[in-house]
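A.B. asks: Quick one, upload-v3.cif (mmCIF, C-alpha atoms and all ligand atoms):
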data_data
#
loop_
_atom_site.label_atom_id
_atom_site.label_comp_id
_atom_site.auth_asym_id
_atom_site.auth_seq_id
_atom_site.Cartn_x
_atom_site.Cartn_y
_atom_site.Cartn_z
CA MET A 619 -47.62 -147.88 68.30
CA SER A 620 -44.38 -147.83 66.30
CA ASP A 621 -42.77 -144.71 64.86
CA GLN A 622 -43.90 -145.95 61.47
CA THR A 623 -47.61 -145.81 62.40
CA PRO A 624 -49.14 -143.06 60.26
CA ALA A 625 -50.62 -140.08 62.10
CA LEU A 626 -53.84 -140.58 60.17
CA VAL A 627 -55.37 -143.07 57.74
CA VAL A 628 -58.70 -142.36 56.06
CA ASP A 629 -59.88 -145.33 54.01
CA GLY A 630 -62.98 -145.47 51.78
CA LEU A 631 -64.89 -142.89 53.81
CA TYR A 632 -68.51 -142.02 52.98
CA LYS A 633 -70.82 -139.51 54.68
CA ARG A 634 -74.19 -138.43 53.36
CA TYR A 635 -76.48 -135.63 54.57
CA GLY A 636 -79.89 -136.41 53.07
CA ASP A 637 -79.29 -136.25 49.31
CA VAL A 638 -75.82 -134.71 49.59
CA GLU A 639 -72.80 -137.03 49.42
CA ALA A 640 -70.58 -134.75 51.50
CA VAL A 641 -67.75 -137.32 51.59
CA ASN A 642 -67.73 -139.77 48.74
CA GLY A 643 -65.14 -142.56 48.99
CA LEU A 644 -62.31 -140.52 50.49
CA SER A 645 -58.92 -142.18 51.13
CA PHE A 646 -55.64 -140.56 52.18
CA SER A 647 -53.04 -140.77 54.92
CA ALA A 648 -50.72 -138.46 56.83
CA ARG A 649 -47.18 -139.20 58.02
CA ARG A 650 -46.27 -138.61 61.65
CA GLY A 651 -44.43 -135.41 62.52
CA THR A 652 -45.46 -133.69 59.29
CA VAL A 653 -48.11 -131.23 58.10
CA LEU A 654 -50.76 -132.53 55.72
CA GLY A 655 -52.69 -129.80 53.92
CA LEU A 656 -56.29 -130.69 53.02
CA LEU A 657 -57.39 -128.33 50.26
CA GLY A 658 -60.62 -127.97 48.38
CA PRO A 659 -63.14 -125.38 47.21
CA ASN A 660 -66.18 -124.45 49.32
CA GLY A 661 -68.39 -127.46 49.91
CA ALA A 662 -65.66 -129.99 48.99
CA GLY A 663 -66.17 -131.86 52.27
CA LYS A 664 -63.22 -130.60 54.34
CA THR A 665 -65.10 -129.67 57.50
CA THR A 666 -67.15 -132.88 57.43
CA THR A 667 -63.94 -134.91 57.10
CA VAL A 668 -62.24 -133.02 59.90
CA GLN A 669 -65.21 -133.55 62.22
CA ILE A 670 -65.20 -137.28 61.49
CA ILE A 671 -61.45 -137.52 62.17
CA SER A 672 -61.99 -135.63 65.44
CA THR A 673 -64.48 -138.36 66.54
CA LEU A 674 -67.26 -135.75 66.59
CA LEU A 675 -69.39 -136.91 63.67
CA PRO A 676 -70.77 -140.37 62.77
CA PHE A 677 -70.29 -141.55 59.18
CA ASP A 678 -71.81 -144.14 56.86
CA ARG A 679 -68.93 -146.31 55.63
CA GLY A 680 -65.15 -146.66 55.68
CA THR A 681 -62.52 -146.51 58.41
CA VAL A 682 -60.51 -143.72 59.99
CA THR A 683 -57.57 -144.39 62.29
CA VAL A 684 -55.55 -141.81 64.18
CA LEU A 685 -52.15 -143.02 65.43
CA GLY A 686 -53.34 -146.59 64.88
CA LYS A 687 -56.58 -146.14 66.88
CA ASP A 688 -60.04 -146.36 65.33
CA VAL A 689 -62.10 -143.16 65.60
CA VAL A 690 -65.27 -145.12 66.40
CA ARG A 691 -64.03 -147.96 68.60
CA ASP A 692 -61.35 -145.96 70.40
CA ALA A 693 -63.14 -142.59 70.39
CA ARG A 694 -62.79 -142.00 74.13
CA ALA A 695 -59.08 -142.69 74.20
CA LEU A 696 -58.51 -140.58 71.09
CA ARG A 697 -60.23 -137.47 72.41
CA SER A 698 -57.21 -136.61 74.52
CA GLU A 699 -54.81 -137.28 71.63
CA ILE A 700 -56.52 -135.05 69.07
CA GLY A 701 -56.57 -131.27 69.29
CA LEU A 702 -59.00 -129.34 67.10
CA THR A 703 -59.17 -125.64 66.43
CA GLY A 704 -62.10 -124.61 64.30
CA GLN A 705 -63.07 -121.70 62.10
CA TYR A 706 -65.32 -120.44 64.85
CA THR A 707 -63.54 -120.29 68.12
CA ALA A 708 -65.25 -121.96 71.07
CA LEU A 709 -64.11 -119.54 73.73
CA ASP A 710 -66.20 -118.07 76.53
CA GLU A 711 -66.36 -114.32 75.92
CA TYR A 712 -67.11 -113.54 79.55
CA LEU A 713 -64.09 -115.33 81.01
CA THR A 714 -60.50 -114.13 80.87
CA GLY A 715 -58.01 -115.89 78.61
CA TYR A 716 -56.52 -117.57 81.67
CA GLU A 717 -59.91 -118.73 82.95
CA ASN A 718 -60.78 -120.19 79.53
CA LEU A 719 -57.60 -122.28 79.46
CA GLU A 720 -58.02 -123.39 83.07
CA MET A 721 -61.64 -124.43 82.41
CA ILE A 722 -60.69 -126.43 79.31
CA GLY A 723 -57.94 -128.18 81.31
CA GLN A 724 -60.55 -129.19 83.89
CA LEU A 725 -62.87 -130.44 81.13
CA TYR A 726 -60.01 -132.71 80.06
CA HIS A 727 -59.80 -133.98 83.67
CA LEU A 728 -56.49 -132.34 84.56
CA SER A 729 -56.14 -131.82 88.32
CA GLY A 730 -56.81 -128.27 89.54
CA ALA A 731 -53.07 -127.62 89.98
CA ASP A 732 -52.18 -129.07 86.56
CA ALA A 733 -54.91 -127.06 84.80
CA LYS A 734 -53.55 -123.84 86.38
CA ARG A 735 -49.93 -124.67 85.53
CA ARG A 736 -50.79 -125.57 81.92
CA ALA A 737 -52.84 -122.35 81.50
CA HIS A 738 -49.86 -120.25 82.68
CA GLU A 739 -47.41 -122.15 80.45
CA LEU A 740 -49.56 -121.71 77.35
CA LEU A 741 -50.24 -118.01 77.94
CA ALA A 742 -46.48 -117.46 78.16
CA GLU A 743 -45.82 -119.54 75.06
CA PHE A 744 -48.42 -117.68 73.00
CA ASP A 745 -47.40 -114.23 74.21
CA LEU A 746 -50.71 -113.68 75.99
CA VAL A 747 -49.54 -113.24 79.59
CA GLU A 748 -50.95 -109.71 79.98
CA ALA A 749 -53.97 -110.34 77.75
CA GLY A 750 -54.70 -113.50 79.74
CA LYS A 751 -55.96 -111.32 82.60
CA ARG A 752 -58.61 -109.65 80.40
CA LEU A 753 -62.02 -110.88 79.28
CA VAL A 754 -61.90 -112.58 75.88
CA LYS A 755 -64.58 -110.24 74.53
CA THR A 756 -61.91 -107.49 74.50
CA TYR A 757 -59.55 -109.52 72.27
CA SER A 758 -58.67 -108.83 68.62
CA GLY A 759 -59.23 -111.56 65.99
CA GLY A 760 -55.53 -112.50 66.04
CA MET A 761 -55.47 -112.80 69.85
CA ARG A 762 -58.56 -115.01 69.83
CA ARG A 763 -56.98 -117.30 67.26
CA ARG A 764 -53.81 -117.58 69.36
CA LEU A 765 -55.85 -118.35 72.48
CA ASP A 766 -57.88 -120.91 70.52
CA LEU A 767 -54.68 -122.56 69.35
CA ALA A 768 -53.37 -122.56 72.92
CA ALA A 769 -56.64 -124.16 74.09
CA SER A 770 -56.23 -127.00 71.59
CA LEU A 771 -52.79 -127.76 73.06
CA ILE A 772 -53.85 -128.11 76.70
CA VAL A 773 -53.49 -131.89 76.59
CA ARG A 774 -50.48 -131.92 74.19
CA PRO A 775 -52.26 -133.68 71.32
CA ALA A 776 -50.33 -136.07 69.08
CA LEU A 777 -52.50 -134.99 66.11
CA LEU A 778 -53.52 -131.36 65.90
CA ILE A 779 -56.23 -130.42 63.42
CA LEU A 780 -56.34 -126.81 62.30
CA ASP A 781 -59.51 -126.04 60.36
CA GLU A 782 -58.82 -122.81 58.46
CA PRO A 783 -56.65 -121.40 61.27
CA THR A 784 -56.01 -118.02 59.67
CA THR A 785 -59.27 -117.28 57.85
CA GLY A 786 -60.01 -113.60 58.23
CA LEU A 787 -56.74 -112.74 59.98
CA ASP A 788 -54.59 -109.80 58.90
CA PRO A 789 -51.17 -110.64 57.37
CA HIS A 790 -49.24 -110.01 60.61
CA SER A 791 -51.48 -112.29 62.73
CA ARG A 792 -51.33 -114.91 59.99
CA GLN A 793 -47.51 -114.88 60.13
CA THR A 794 -47.66 -115.29 63.92
CA VAL A 795 -49.95 -118.32 63.64
CA TRP A 796 -47.69 -119.82 60.94
CA GLN A 797 -44.67 -119.48 63.21
CA LEU A 798 -46.54 -121.15 66.08
CA VAL A 799 -47.47 -124.00 63.75
CA ARG A 800 -43.83 -124.44 62.61
CA ASP A 801 -42.69 -124.54 66.25
CA LEU A 802 -45.25 -127.25 67.06
CA VAL A 803 -44.17 -129.42 64.14
CA ALA A 804 -40.52 -128.97 65.08
CA ARG A 805 -41.43 -130.44 68.47
CA GLY A 806 -43.00 -133.53 66.85
CA THR A 807 -46.73 -132.74 66.61
CA SER A 808 -48.46 -134.16 63.52
CA LEU A 809 -50.73 -131.67 61.87
CA LEU A 810 -53.75 -131.73 59.59
CA LEU A 811 -54.43 -128.31 58.12
CA THR A 812 -57.42 -127.24 56.08
CA THR A 813 -57.10 -123.94 54.36
CA GLN A 814 -58.53 -121.87 51.55
CA TYR A 815 -55.22 -120.07 51.11
CA LEU A 816 -52.80 -121.85 48.85
CA GLU A 817 -50.02 -119.59 50.06
CA GLU A 818 -50.61 -121.05 53.53
CA ALA A 819 -50.45 -124.64 52.25
CA GLU A 820 -47.28 -123.81 50.35
CA GLU A 821 -45.70 -122.31 53.49
CA LEU A 822 -46.67 -125.04 55.93
CA ALA A 823 -47.64 -128.33 54.29
CA ASP A 824 -45.22 -131.18 53.59
CA ASP A 825 -47.91 -133.01 51.63
CA ILE A 826 -51.17 -131.82 50.10
CA VAL A 827 -54.41 -133.66 49.38
CA VAL A 828 -56.80 -131.79 47.09
CA ILE A 829 -60.43 -132.87 47.44
CA ASP A 830 -63.49 -131.91 45.44
CA GLY A 831 -66.99 -133.37 45.62
CA GLY A 832 -65.97 -135.41 48.68
CA THR A 833 -63.19 -137.32 46.92
CA VAL A 834 -59.44 -136.93 46.31
CA VAL A 835 -58.59 -135.29 42.99
CA ALA A 836 -54.80 -135.04 43.47
CA GLN A 837 -52.14 -135.50 46.12
CA GLY A 838 -48.42 -135.04 46.59
CA THR A 839 -45.87 -132.53 47.82
CA PRO A 840 -46.51 -128.93 46.71
CA ASP A 841 -43.71 -129.31 44.14
CA SER A 842 -44.87 -132.66 42.79
CA LEU A 843 -48.42 -131.33 42.39
CA LYS A 844 -47.07 -128.50 40.27
CA THR A 845 -45.19 -130.96 38.09
CA GLN A 846 -48.09 -133.45 37.85
CA VAL A 847 -50.76 -130.96 37.05
CA GLY A 848 -49.22 -127.75 35.98
CA GLY A 849 -46.51 -127.86 33.38
CA ALA A 850 -44.52 -124.69 32.79
CA ARG A 851 -46.07 -121.27 32.34
CA LEU A 852 -44.89 -118.84 29.70
CA GLU A 853 -44.95 -115.29 30.97
CA VAL A 854 -44.49 -112.28 28.70
CA HIS A 855 -44.22 -108.78 30.09
CA LEU A 856 -45.34 -106.41 27.35
CA ALA A 857 -43.72 -103.02 26.81
CA PRO A 858 -46.14 -100.07 27.28
CA ASP A 859 -48.42 -99.50 24.24
CA SER A 860 -47.70 -102.94 22.77
CA LYS A 861 -50.39 -104.59 20.66
CA ALA A 862 -51.85 -106.81 23.39
CA THR A 863 -54.51 -108.53 21.24
CA VAL A 864 -51.98 -109.53 18.59
CA ALA A 865 -49.60 -110.72 21.33
CA LEU A 866 -52.36 -112.84 22.94
CA GLU A 867 -53.13 -114.56 19.63
CA ALA A 868 -49.46 -115.16 18.89
CA LEU A 869 -48.78 -116.68 22.32
CA GLU A 870 -51.76 -119.01 22.13
CA ARG A 871 -49.96 -120.75 19.25
CA PHE A 872 -47.42 -121.98 21.85
CA SER A 873 -50.10 -123.27 24.22
CA THR A 874 -53.01 -125.68 24.61
CA ALA A 875 -55.06 -123.12 26.55
CA SER A 876 -56.08 -119.50 26.16
CA ALA A 877 -53.66 -116.77 27.17
CA GLU A 878 -54.54 -114.37 29.96
CA LEU A 879 -53.59 -110.72 30.08
CA ASN A 880 -53.27 -108.87 33.37
CA ALA A 881 -54.24 -105.37 32.23
CA ASP A 882 -52.68 -103.75 35.31
CA THR A 883 -49.24 -105.26 34.93
CA GLY A 884 -49.18 -105.88 31.17
CA VAL A 885 -48.18 -109.51 31.77
CA ILE A 886 -49.56 -112.28 29.56
CA THR A 887 -49.51 -115.81 31.04
CA VAL A 888 -50.14 -119.02 29.17
CA PRO A 889 -49.51 -122.75 29.90
CA ALA A 890 -46.60 -123.62 27.62
CA ILE A 891 -46.23 -126.63 25.34
CA LYS A 892 -42.69 -127.91 25.93
CA GLU A 893 -40.54 -127.74 22.81
CA PRO A 894 -36.85 -127.16 22.13
CA ARG A 895 -35.74 -123.51 22.08
CA LEU A 896 -39.21 -122.35 23.08
CA LEU A 897 -38.13 -119.00 24.47
CA ALA A 898 -36.06 -118.16 21.38
CA LYS A 899 -39.04 -118.99 19.12
CA VAL A 900 -41.42 -116.87 21.18
CA ILE A 901 -39.08 -113.89 21.15
CA ARG A 902 -38.56 -114.20 17.37
CA GLU A 903 -42.32 -114.45 16.75
CA LEU A 904 -43.09 -111.38 18.87
CA ASP A 905 -40.25 -109.49 17.22
CA ASP A 906 -41.57 -110.35 13.72
CA LEU A 907 -44.95 -108.97 14.80
CA GLU A 908 -43.24 -105.82 16.12
CA ILE A 909 -44.56 -106.38 19.63
CA GLY A 910 -42.39 -104.70 22.25
CA VAL A 911 -41.62 -106.86 25.29
CA GLU A 912 -39.73 -106.13 28.49
CA ASP A 913 -39.31 -109.70 29.67
CA VAL A 914 -40.08 -113.25 28.55
CA ARG A 915 -39.71 -116.19 30.91
CA LEU A 916 -40.72 -119.77 31.62
CA ARG A 917 -41.73 -120.49 35.20
CA GLU A 918 -43.25 -123.20 37.39
CA PRO A 919 -47.03 -122.94 37.85
CA THR A 920 -48.17 -121.55 41.19
CA LEU A 921 -50.23 -123.70 43.53
CA ASP A 922 -53.18 -121.42 42.70
CA GLU A 923 -52.89 -122.37 39.04
CA VAL A 924 -52.71 -126.07 39.98
CA PHE A 925 -55.83 -125.70 42.14
CA LEU A 926 -57.71 -123.94 39.35
CA THR A 927 -56.74 -126.67 36.87
CA LEU A 928 -57.88 -129.41 39.27
CA THR A 929 -61.09 -127.95 40.60
CA GLY A 930 -62.06 -125.33 38.03
CA LYS A 931 -62.33 -122.86 40.91
CA ASN A 932 -60.10 -120.13 42.23
CA ALA A 933 -58.73 -120.33 45.75
CA VAL A 934 -59.02 -117.27 47.96
CA PRO A 935 -56.06 -114.93 47.53
CA ALA A 936 -54.70 -114.15 51.00
CA GLU A 937 -54.25 -110.44 50.33
CA ARG A 938 -57.92 -109.97 49.46
CA VAL A 939 -59.09 -111.12 52.87
CA GLU A 940 -60.75 -108.60 55.15
CA PRO A 941 -59.09 -108.66 58.55
CA VAL A 942 -61.33 -109.51 61.49
CA GLU A 943 -62.10 -106.31 63.37
CA PRO A 944 -60.94 -106.22 66.96
CA GLN A 945 -63.93 -106.42 69.26
CA LYS A 946 -63.94 -103.89 72.06
CA ALA A 947 -65.76 -104.28 75.34
P1 LIG B 1001 -66.29 -124.87 53.33
O1 LIG B 1001 -64.90 -124.56 52.84
O2 LIG B 1001 -67.33 -124.02 52.67
O3 LIG B 1001 -66.41 -124.96 54.82
P2 LIG B 1001 -66.14 -127.75 53.17
O4 LIG B 1001 -65.16 -128.27 52.18
O5 LIG B 1001 -65.73 -127.74 54.59
O6 LIG B 1001 -66.66 -126.34 52.72
P3 LIG B 1001 -68.40 -129.27 54.11
O7 LIG B 1001 -68.81 -128.22 55.08
O8 LIG B 1001 -67.79 -130.50 54.66
O9 LIG B 1001 -67.44 -128.67 53.00
O10 LIG B 1001 -69.68 -129.63 53.24
C1 LIG B 1001 -69.72 -130.66 52.24
C2 LIG B 1001 -71.11 -130.73 51.64
O11 LIG B 1001 -72.04 -131.19 52.63
C3 LIG B 1001 -71.65 -129.39 51.17
O12 LIG B 1001 -72.42 -129.62 50.03
C4 LIG B 1001 -72.52 -128.94 52.33
O13 LIG B 1001 -73.57 -128.11 51.86
C5 LIG B 1001 -73.06 -130.25 52.85
N1 LIG B 1001 -73.32 -130.21 54.31
C6 LIG B 1001 -72.41 -129.96 55.27
N2 LIG B 1001 -72.98 -130.03 56.51
C7 LIG B 1001 -74.28 -130.34 56.31
C8 LIG B 1001 -75.41 -130.57 57.18
N3 LIG B 1001 -75.28 -130.51 58.52
N4 LIG B 1001 -76.61 -130.85 56.60
C9 LIG B 1001 -76.73 -130.93 55.26
N5 LIG B 1001 -75.72 -130.74 54.39
C10 LIG B 1001 -74.50 -130.45 54.89
#
Now, as a test, write the supplied structure out as structure tokens.

C.D. replies:
Amino acid sequence: MSDQTPALVVDGLYKRYGDVEAVNGLSFSARRGTVLGLLGPNGAGKTTTVQIISTLLPFDRGTVTVLGKDVVRDARALRSEIGLTGQYTALDEYLTGYENLEMIGQLYHLSGADAKRRAHELLAEFDLVEAGKRLVKTYSGGMRRRLDLAASLIVRPALLILDEPTTGLDPHSRQTVWQLVRDLVARGTSLLLTTQYLEEAEELADDIVVIDGGTVVAQGTPDSLKTQVGGARLEVHLAPDSKATVALEALERFSTASAELNADTGVITVPAIKEPRLLAKVIRELDDLEIGVEDVRLREPTLDEVFLTLTGKNAVPAERVEPVEPQKA
């Protein structure tokens, strides 16, 4: 395998469950040593794709290769090169953190001594040395996710798949997981990340593939996606007591889409049609209509806006997520 071999190539992949085409002609690839973000609304086919790549699920047509090896023909060899952490952690509640890691090492056929050594190393690396002595059922959501991530690294996978690694975590635990992910990539691991949080993709992913209905609807770096799909956004911050309805109508004349008012912040946002001296024209128009404004600016679209344009659906805003409650014994 040369350094140029992609971490992952998915080519013309199809998977049907009864009448549902869960994956419908999917093709994309991931470069080695980078993070590929796989984004899509609920039901887009992310989990199905991830299970196929992990050699865990048969499919109907197409090919998938990981580090040059075929997921069907070379499934046995690949199992020790692919790490998978899922949305629902597969940890034994009635074992300690240490015992879980040791057991998984043995499942991967490490010798008894190697399984013990690897368990100790990973607990230290993931700041779980003390917690490692306690039963997993006493862990908080963030601790479980860290232990799950540690478990997926027992055999030092060349491709690590993180399926929604921070779903339900509080902001602090999410930051911790992000830092662990950055450290892994810095050490050369290739990563496939599925997430519902665009903020997470923006933070971690070098490249993004957006899928919907089991097929790719856009791909590129976070910045190139914004340029391809988004176009600039015009943002007008109204002064208190300004005539919002008149302002909305006026701003729509500079756009192909309807303007949106955030009633809490008094900010109107609209996709802008590019034209010379746009800001000056907007300010003059609002001034003529005697609409008070505090700020007018042109900005890049956010990844959320790109996602909405592509899929017609909103992604999940990270701050609206309920943290997972710690489970006590
Ligand atoms: P989510 O973000 O909700 O997990 P997803 O993008 O991971 O969604 P998948 O779970 O891969 O999507 O599902 C793709 C489609 O296949 C959906 O329509 C889903 O209902 C369907 N599907 C998934 N698993 C099965 C199954 N075992 N039997 C029947 N249909 C399934």

A.B. asks: If I take atom CA of A:Ala695 and atom CA of A:Thr673, how far is one from the other in Å, to one decimal?

C.D. replies: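 Atom-to-atom, atom CA of A:Ala695 and atom CA of A:Thr673 are spaced 10.3 Å apart.
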
A.B. asks: Mind dumping a table of every chain A residue within 9 Å of ligand LIG 1001 (chain B), with the nearest atom pair and its distance in Å to one decimal, using all atoms listed in the file, sorted by chain and rising number, as a Markdown table?

C.D. replies:
| residue | atom | partner | partner_atom | distance |
| --- | --- | --- | --- | --- |
| A:Lys633 | CA | B:LIG1001 | O11 | 8.7 |
| A:Arg634 | CA | B:LIG1001 | O11 | 7.6 |
| A:Tyr635 | CA | B:LIG1001 | C9 | 4.8 |
| A:Gly636 | CA | B:LIG1001 | C9 | 6.7 |
| A:Asp637 | CA | B:LIG1001 | N5 | 8.3 |
| A:Val638 | CA | B:LIG1001 | O11 | 6.0 |
| A:Glu639 | CA | B:LIG1001 | O11 | 6.7 |
| A:Ala640 | CA | B:LIG1001 | O11 | 4.0 |
| A:Val641 | CA | B:LIG1001 | C1 | 7.0 |
| A:Leu657 | CA | B:LIG1001 | O4 | 8.0 |
| A:Gly658 | CA | B:LIG1001 | O4 | 5.9 |
| A:Pro659 | CA | B:LIG1001 | O1 | 6.0 |
| A:Asn660 | CA | B:LIG1001 | O2 | 3.6 |
| A:Gly661 | CA | B:LIG1001 | O9 | 3.5 |
| A:Ala662 | CA | B:LIG1001 | O4 | 3.7 |
| A:Gly663 | CA | B:LIG1001 | O8 | 3.2 |
| A:Lys664 | CA | B:LIG1001 | O4 | 3.7 |
| A:Thr665 | CA | B:LIG1001 | O5 | 3.5 |
| A:Thr666 | CA | B:LIG1001 | O8 | 3.7 |
| A:Thr667 | CA | B:LIG1001 | O8 | 6.3 |
| A:Val668 | CA | B:LIG1001 | O8 | 8.0 |
| A:Gln669 | CA | B:LIG1001 | O8 | 8.6 |
| A:Gln705 | CA | B:LIG1001 | O3 | 8.6 |
| A:Asp781 | CA | B:LIG1001 | O5 | 8.7 |
| A:Glu782 | CA | B:LIG1001 | O1 | 8.5 |
| A:Thr812 | CA | B:LIG1001 | O5 | 8.5 |
| A:Thr813 | CA | B:LIG1001 | O1 | 8.0 |
| A:Gln814 | CA | B:LIG1001 | O1 | 7.0 |
| A:Ile829 | CA | B:LIG1001 | O4 | 8.1 |
| A:Asp830 | CA | B:LIG1001 | O4 | 7.8 |
| A:Gly831 | CA | B:LIG1001 | C1 | 7.7 |
| A:Gly832 | CA | B:LIG1001 | C1 | 7.0 |

A.B. asks: Of the candidates A:Leu843, A:Gly760, A:Asp629, A:Leu852, which one gets nearest to A:Leu897 if we count all atoms listed in the file?

C.D. replies: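 When distances to A:Leu897 are compared using all atoms listed in the file, the smallest one comes from A:Leu852.
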
A.B. asks: Take the point (-45.4, -111.9, 15.2) in the file's coordinates, draw a sphere of radius 12 Å around it, and report as an NGL selection string every protein, DNA or RNA residue with an atom inside or on it, counting only C-alpha atoms.

C.D. replies: :A and (860-871 or 899-911)

A.B. asks: Limited to C-alpha atoms, could you put the picked residues into a file as an mmCIF file, keeping the file's coordinate frame?

C.D. replies:
data_model
loop_
_atom_site.group_PDB
_atom_site.id
_atom_site.type_symbol
_atom_site.label_atom_id
_atom_site.label_comp_id
_atom_site.auth_asym_id
_atom_site.auth_seq_id
_atom_site.Cartn_x
_atom_site.Cartn_y
_atom_site.Cartn_z
ATOM 1 C CA SER A 860 -47.700 -102.940 22.770
ATOM 2 C CA LYS A 861 -50.390 -104.590 20.660
ATOM 3 C CA ALA A 862 -51.850 -106.810 23.390
ATOM 4 C CA THR A 863 -54.510 -108.530 21.240
ATOM 5 C CA VAL A 864 -51.980 -109.530 18.590
ATOM 6 C CA ALA A 865 -49.600 -110.720 21.330
ATOM 7 C CA LEU A 866 -52.360 -112.840 22.940
ATOM 8 C CA GLU A 867 -53.130 -114.560 19.630
ATOM 9 C CA ALA A 868 -49.460 -115.160 18.890
ATOM 10 C CA LEU A 869 -48.780 -116.680 22.320
ATOM 11 C CA GLU A 870 -51.760 -119.010 22.130
ATOM 12 C CA ARG A 871 -49.960 -120.750 19.250
ATOM 13 C CA LYS A 899 -39.040 -118.990 19.120
ATOM 14 C CA VAL A 900 -41.420 -116.870 21.180
ATOM 15 C CA ILE A 901 -39.080 -113.890 21.150
ATOM 16 C CA ARG A 902 -38.560 -114.200 17.370
ATOM 17 C CA GLU A 903 -42.320 -114.450 16.750
ATOM 18 C CA LEU A 904 -43.090 -111.380 18.870
ATOM 19 C CA ASP A 905 -40.250 -109.490 17.220
ATOM 20 C CA ASP A 906 -41.570 -110.350 13.720
ATOM 21 C CA LEU A 907 -44.950 -108.970 14.800
ATOM 22 C CA GLU A 908 -43.240 -105.820 16.120
ATOM 23 C CA ILE A 909 -44.560 -106.380 19.630
ATOM 24 C CA GLY A 910 -42.390 -104.700 22.250
ATOM 25 C CA VAL A 911 -41.620 -106.860 25.290
#

A.B. asks: For A:Ala625, list every protein, DNA or RNA residue within 6 Å, evaluated using all atoms listed in the file, and leave out those in the same chain fewer than 5 positions away; present the list as a ChimeraX atom specification.

C.D. replies: /A:648-650,684-685

A.B. asks: By how many Å are atom CA of A:Ala731 and atom CA of A:Leu746 apart?

C.D. replies: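 Taking atom CA of A:Ala731 as the start and atom CA of A:Leu746 as the end point, the length is 19.9 Å.
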
A.B. asks: Which residue is closest to A:Leu798? Choose from A:Val754, A:Ile671, A:Leu656, A:Leu765 and count all atoms listed in the file.

C.D. replies: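 Closest residue, counting all atoms listed in the file: A:Leu765.
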
A.B. asks: For a test of reading the model, state the distance in Å between atom CA of A:Thr833 and atom CA of A:Leu644, rounded to one decimal.

C.D. replies: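 Interatomic distance here is 4.9 Å.
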
A.B. asks: Between A:Glu699, A:Glu923, A:Glu711, A:Glu748, which has the minimum distance to A:Tyr726 (counting all atoms listed in the file)?

C.D. replies: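 The answer is A:Glu699, which sits nearest to A:Tyr726.
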
A.B. asks: Contacts of A:Thr683 at 7 Å or less, counting only C-alpha atoms, minus same-chain residues fewer than 2 places along, as a list in words?

C.D. replies: Leu626, Val627, Val628, Thr681, Leu685, Gly686, Lys687, Asp688 and Val689 of chain A

A.B. asks: Counting only C-alpha atoms, which of A:Leu921, A:Val653, A:Ala708, A:Val682 gets nearest to A:Ala804?

C.D. replies: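 Distance minimum relative to A:Ala804 lands on A:Val653.
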
A.B. asks: Return the single residue from A:Leu725, A:Ala836, A:Val914, A:Val828 that is closest to A:Ala857, with distances computed using all atoms listed in the file.

C.D. replies: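 Going through A:Leu725, A:Ala836, A:Val914, A:Val828 one by one, the smallest distance to A:Ala857 is for A:Val914.
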
A.B. asks: Taking 4 positions as the minimum chain separation for residues in the same chain, which residues sit within 8 Å of A:Leu778 when counting all atoms listed in the file? Answer as a PyMOL selection string.

C.D. replies: chain A and resi 700-702+770+807-810

A.B. asks: Go through A:Pro775, A:Gly838, A:Gly715, A:Gly630 and flag the residue nearest A:Ala742, using only C-alpha atoms for the distances.

C.D. replies: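 Using only C-alpha atoms, A:Ala742 sits closest to A:Gly715.
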